[in-house]
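So the structure is just underneath, and the comments pick up after that.
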Amino acid sequence: MEQIHIRPFQPEDLQRVVSINRTCLPENYPGLFFMSLYESFPKAFIVAEDIETNTLIGYVMGRIERGFSSLKGYKLTKKGHIVSIAIIEKYRRKGIATRLLEAALEGFREYGASESFLEVRESNIEAVNLYQKIGYVEKKVLPGYYRDGEDALLFTCPL
């Protein structure tokens, strides 16, 4: 397996992260959105780098939100939101997404979050399986969540 280094995002990574986002996902964000998340929550923005080729091959970015707990009734809490994760196709199924998610969850803990949540396309079975393996549990279906009308599954995980 390639030598993969998991590390914090740096501003000079921006163009490659945007490229990975556009290549791998139908939901794309402008560079300013990535930078605003980095500036607000740098511990939750992590990249994966192939050391042999000195190339970024994946990322995860998240943010901290305040709201009602998905796990503890109507208690207000800090929640880590996985906003986006993507891995270049040839590097998938090698445990890189798991490592990225674990690093982001640790960042959420450092910000004082007690739980995490994310949305995933209902049709993205590989991602659903990954999230369940890590400890996320499906909470509900979000009808028509995505721009193309596909439903999302809302997953939560205690930290």
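Letters for chains follow the order of the structure tokens (A, B, ...), residue numbers begin at 1 for each chain, and ligand numbers begin at 1 in the order shown.
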
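Using only C-alpha atoms, the protein and nucleic acid residues lying no more than 12 Å from Asp148 (chain A), apart from those fewer than 3 places from it along its own chain, are Pro26, Glu27, Arg121, Pro143, Gly144, Tyr145, Asp151 and Ala152 of chain A.
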
**Message:** Give me the residues near Glu102 (chain A) as a ChimeraX atom specification, where near means some atom within 9 Å (using only C-alpha atoms) and where sequence neighbours in that chain fewer than 5 positions away do not count.
**Reply:** /A:97,107,134

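Residue nearest Lys75 (chain A), chosen from A:Gln10, A:Thr55, A:Ser36, A:Ser114 and counting only C-alpha atoms: A:Ser114.
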
**Prompt:** Near Ile85 (chain A), within 8 Å and counting only C-alpha atoms, which residues show up once chain neighbours fewer than 5 positions away are dropped, as a list in words?
**Reply:** Gly58, Tyr59, Val60, Met61 and Ala97 of chain A

**Item:** Nearest residue to Ser69 (chain A) from the set A:Ala113, A:Tyr136, A:Arg147, A:Ile20 (distances using only C-alpha atoms)
**Value:**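 Nearest to Ser69 (chain A): A:Ala113.
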
**Prompt:** If you measure from CA of Gly31 (chain A) to CA of Arg7 (chain A), what distance in Å do you get, rounded to one decimal?
**Reply:**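 CA of Arg7 (chain A) lies at a distance of 19.4 Å from CA of Gly31 (chain A).
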
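Residue neighbourhood of Tyr111 (chain A), excluding near-sequence residues (fewer than 2 positions): Phe41, Lys43, Ala44, Arg63, Ile64, Lys78, Lys79, Gly80, Leu105, Glu106, Gly107, Phe108, Arg109, Ala113 and Ser114 of chain A, at 10 Å, using only C-alpha atoms.
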
Kindly save the residues from that selection, with N, CA and C atoms included, as a PDB file, in the first residue's frame.
ATOM      1  N   PHE A  41     -12.413  26.260  11.962  1.00  0.00           N
ATOM      2  CA  PHE A  41     -12.285  24.945  12.609  1.00  0.00           C
ATOM      3  C   PHE A  41     -11.108  24.152  12.025  1.00  0.00           C
ATOM      4  N   LYS A  43      -8.899  22.252  13.238  1.00  0.00           N
ATOM      5  CA  LYS A  43      -8.675  20.895  13.753  1.00  0.00           C
ATOM      6  C   LYS A  43      -9.607  19.871  13.111  1.00  0.00           C
ATOM      7  N   ALA A  44     -10.603  20.339  12.371  1.00  0.00           N
ATOM      8  CA  ALA A  44     -11.568  19.438  11.732  1.00  0.00           C
ATOM      9  C   ALA A  44     -11.434  19.426  10.219  1.00  0.00           C
ATOM     10  N   ARG A  63     -17.243  21.157  10.766  1.00  0.00           N
ATOM     11  CA  ARG A  63     -17.417  22.375  11.555  1.00  0.00           C
ATOM     12  C   ARG A  63     -18.174  22.022  12.829  1.00  0.00           C
ATOM     13  N   ILE A  64     -18.121  22.916  13.771  1.00  0.00           N
ATOM     14  CA  ILE A  64     -18.852  22.753  15.023  1.00  0.00           C
ATOM     15  C   ILE A  64     -20.131  23.574  14.934  1.00  0.00           C
ATOM     16  N   LYS A  78     -22.869  20.892  21.673  1.00  0.00           N
ATOM     17  CA  LYS A  78     -21.966  21.143  20.547  1.00  0.00           C
ATOM     18  C   LYS A  78     -21.894  19.860  19.730  1.00  0.00           C
ATOM     19  N   LYS A  79     -22.058  20.028  18.409  1.00  0.00           N
ATOM     20  CA  LYS A  79     -22.031  18.872  17.522  1.00  0.00           C
ATOM     21  C   LYS A  79     -21.022  19.112  16.411  1.00  0.00           C
ATOM     22  N   GLY A  80     -20.247  18.096  16.099  1.00  0.00           N
ATOM     23  CA  GLY A  80     -19.343  18.160  14.963  1.00  0.00           C
ATOM     24  C   GLY A  80     -20.065  17.697  13.710  1.00  0.00           C
ATOM     25  N   LEU A 105     -12.951  13.465  13.874  1.00  0.00           N
ATOM     26  CA  LEU A 105     -13.693  13.244  15.125  1.00  0.00           C
ATOM     27  C   LEU A 105     -12.852  13.656  16.327  1.00  0.00           C
ATOM     28  N   GLU A 106     -11.561  13.396  16.264  1.00  0.00           N
ATOM     29  CA  GLU A 106     -10.675  13.844  17.348  1.00  0.00           C
ATOM     30  C   GLU A 106     -10.652  15.371  17.410  1.00  0.00           C
ATOM     31  N   GLY A 107     -10.624  16.019  16.247  1.00  0.00           N
ATOM     32  CA  GLY A 107     -10.708  17.478  16.218  1.00  0.00           C
ATOM     33  C   GLY A 107     -11.993  17.974  16.851  1.00  0.00           C
ATOM     34  N   PHE A 108     -13.114  17.324  16.544  1.00  0.00           N
ATOM     35  CA  PHE A 108     -14.396  17.702  17.151  1.00  0.00           C
ATOM     36  C   PHE A 108     -14.317  17.593  18.679  1.00  0.00           C
ATOM     37  N   ARG A 109     -13.711  16.511  19.166  1.00  0.00           N
ATOM     38  CA  ARG A 109     -13.565  16.337  20.625  1.00  0.00           C
ATOM     39  C   ARG A 109     -12.753  17.490  21.216  1.00  0.00           C
ATOM     40  N   ALA A 113     -17.042  19.058  21.344  1.00  0.00           N
ATOM     41  CA  ALA A 113     -18.278  18.456  20.834  1.00  0.00           C
ATOM     42  C   ALA A 113     -18.524  17.122  21.526  1.00  0.00           C
ATOM     43  N   SER A 114     -19.790  16.806  21.749  1.00  0.00           N
ATOM     44  CA  SER A 114     -20.146  15.537  22.387  1.00  0.00           C
ATOM     45  C   SER A 114     -20.739  14.533  21.406  1.00  0.00           C
TER      46      SER A 114
END

**Residues within 6 Å of Cys157 (chain A), only C-alpha atoms, excluding chain neighbours under 5 positions, as a list in words** = Glu115, Ser116, Gly135 and Tyr136 of chain A

**Residue nearest Gly112 (chain A) - candidates A:Thr77, A:Thr98, A:Thr53, A:Thr23, atoms counted: only C-alpha atoms** =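 Closest to Gly112 (chain A) of all the choices is A:Thr77.
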
**Asked** In Å, with one decimal, what is the gap from CA of Asp50 (chain A) to CA of Ile4 (chain A)?
**Response** 4.7 Å

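Remark: for Gln3 (chain A), the closest of the candidate residues A:Gln132, A:Thr156, A:Ser70, A:Asn54 is A:Asn54 (distances computed over only C-alpha atoms).
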
**Per-residue DSSP, chain A, filtered to alpha helix (DSSP H), as an MDAnalysis selection string** = chainID A and resid 14:24 31:40 96:110 125:134

**Item:** Minimum-distance residue to Ile51 (chain A), chosen among A:Arg92, A:Lys140, A:Arg22, A:His5 (using only C-alpha atoms)
**Value:**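 Using only C-alpha atoms, the shortest distance to Ile51 (chain A) belongs to A:His5.
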
**Prompt:** Between CA of Leu37 (chain A) and CA of Gly62 (chain A), what is the distance, to one decimal in Å?
**Reply:** 7.1 Å

**Request:** Would you please extract all strand (DSSP E) residues from region 80-114 of chain A, as assigned by DSSP on the backbone, and give them as a list in words?
**Result:**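 Written out, the strand (DSSP E) residues of region 80-114 of chain A are Gly80, His81, Ile82, Val83, Ser84, Ile85, Ala86 and Ile87 of chain A.
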
**Item:** Nearest candidate to Phe117 (chain A) (options A:Lys139, A:Arg16, A:Lys72, A:Lys90; using only C-alpha atoms)
**Value:**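 Smallest distance to Phe117 (chain A) is found for A:Lys139.
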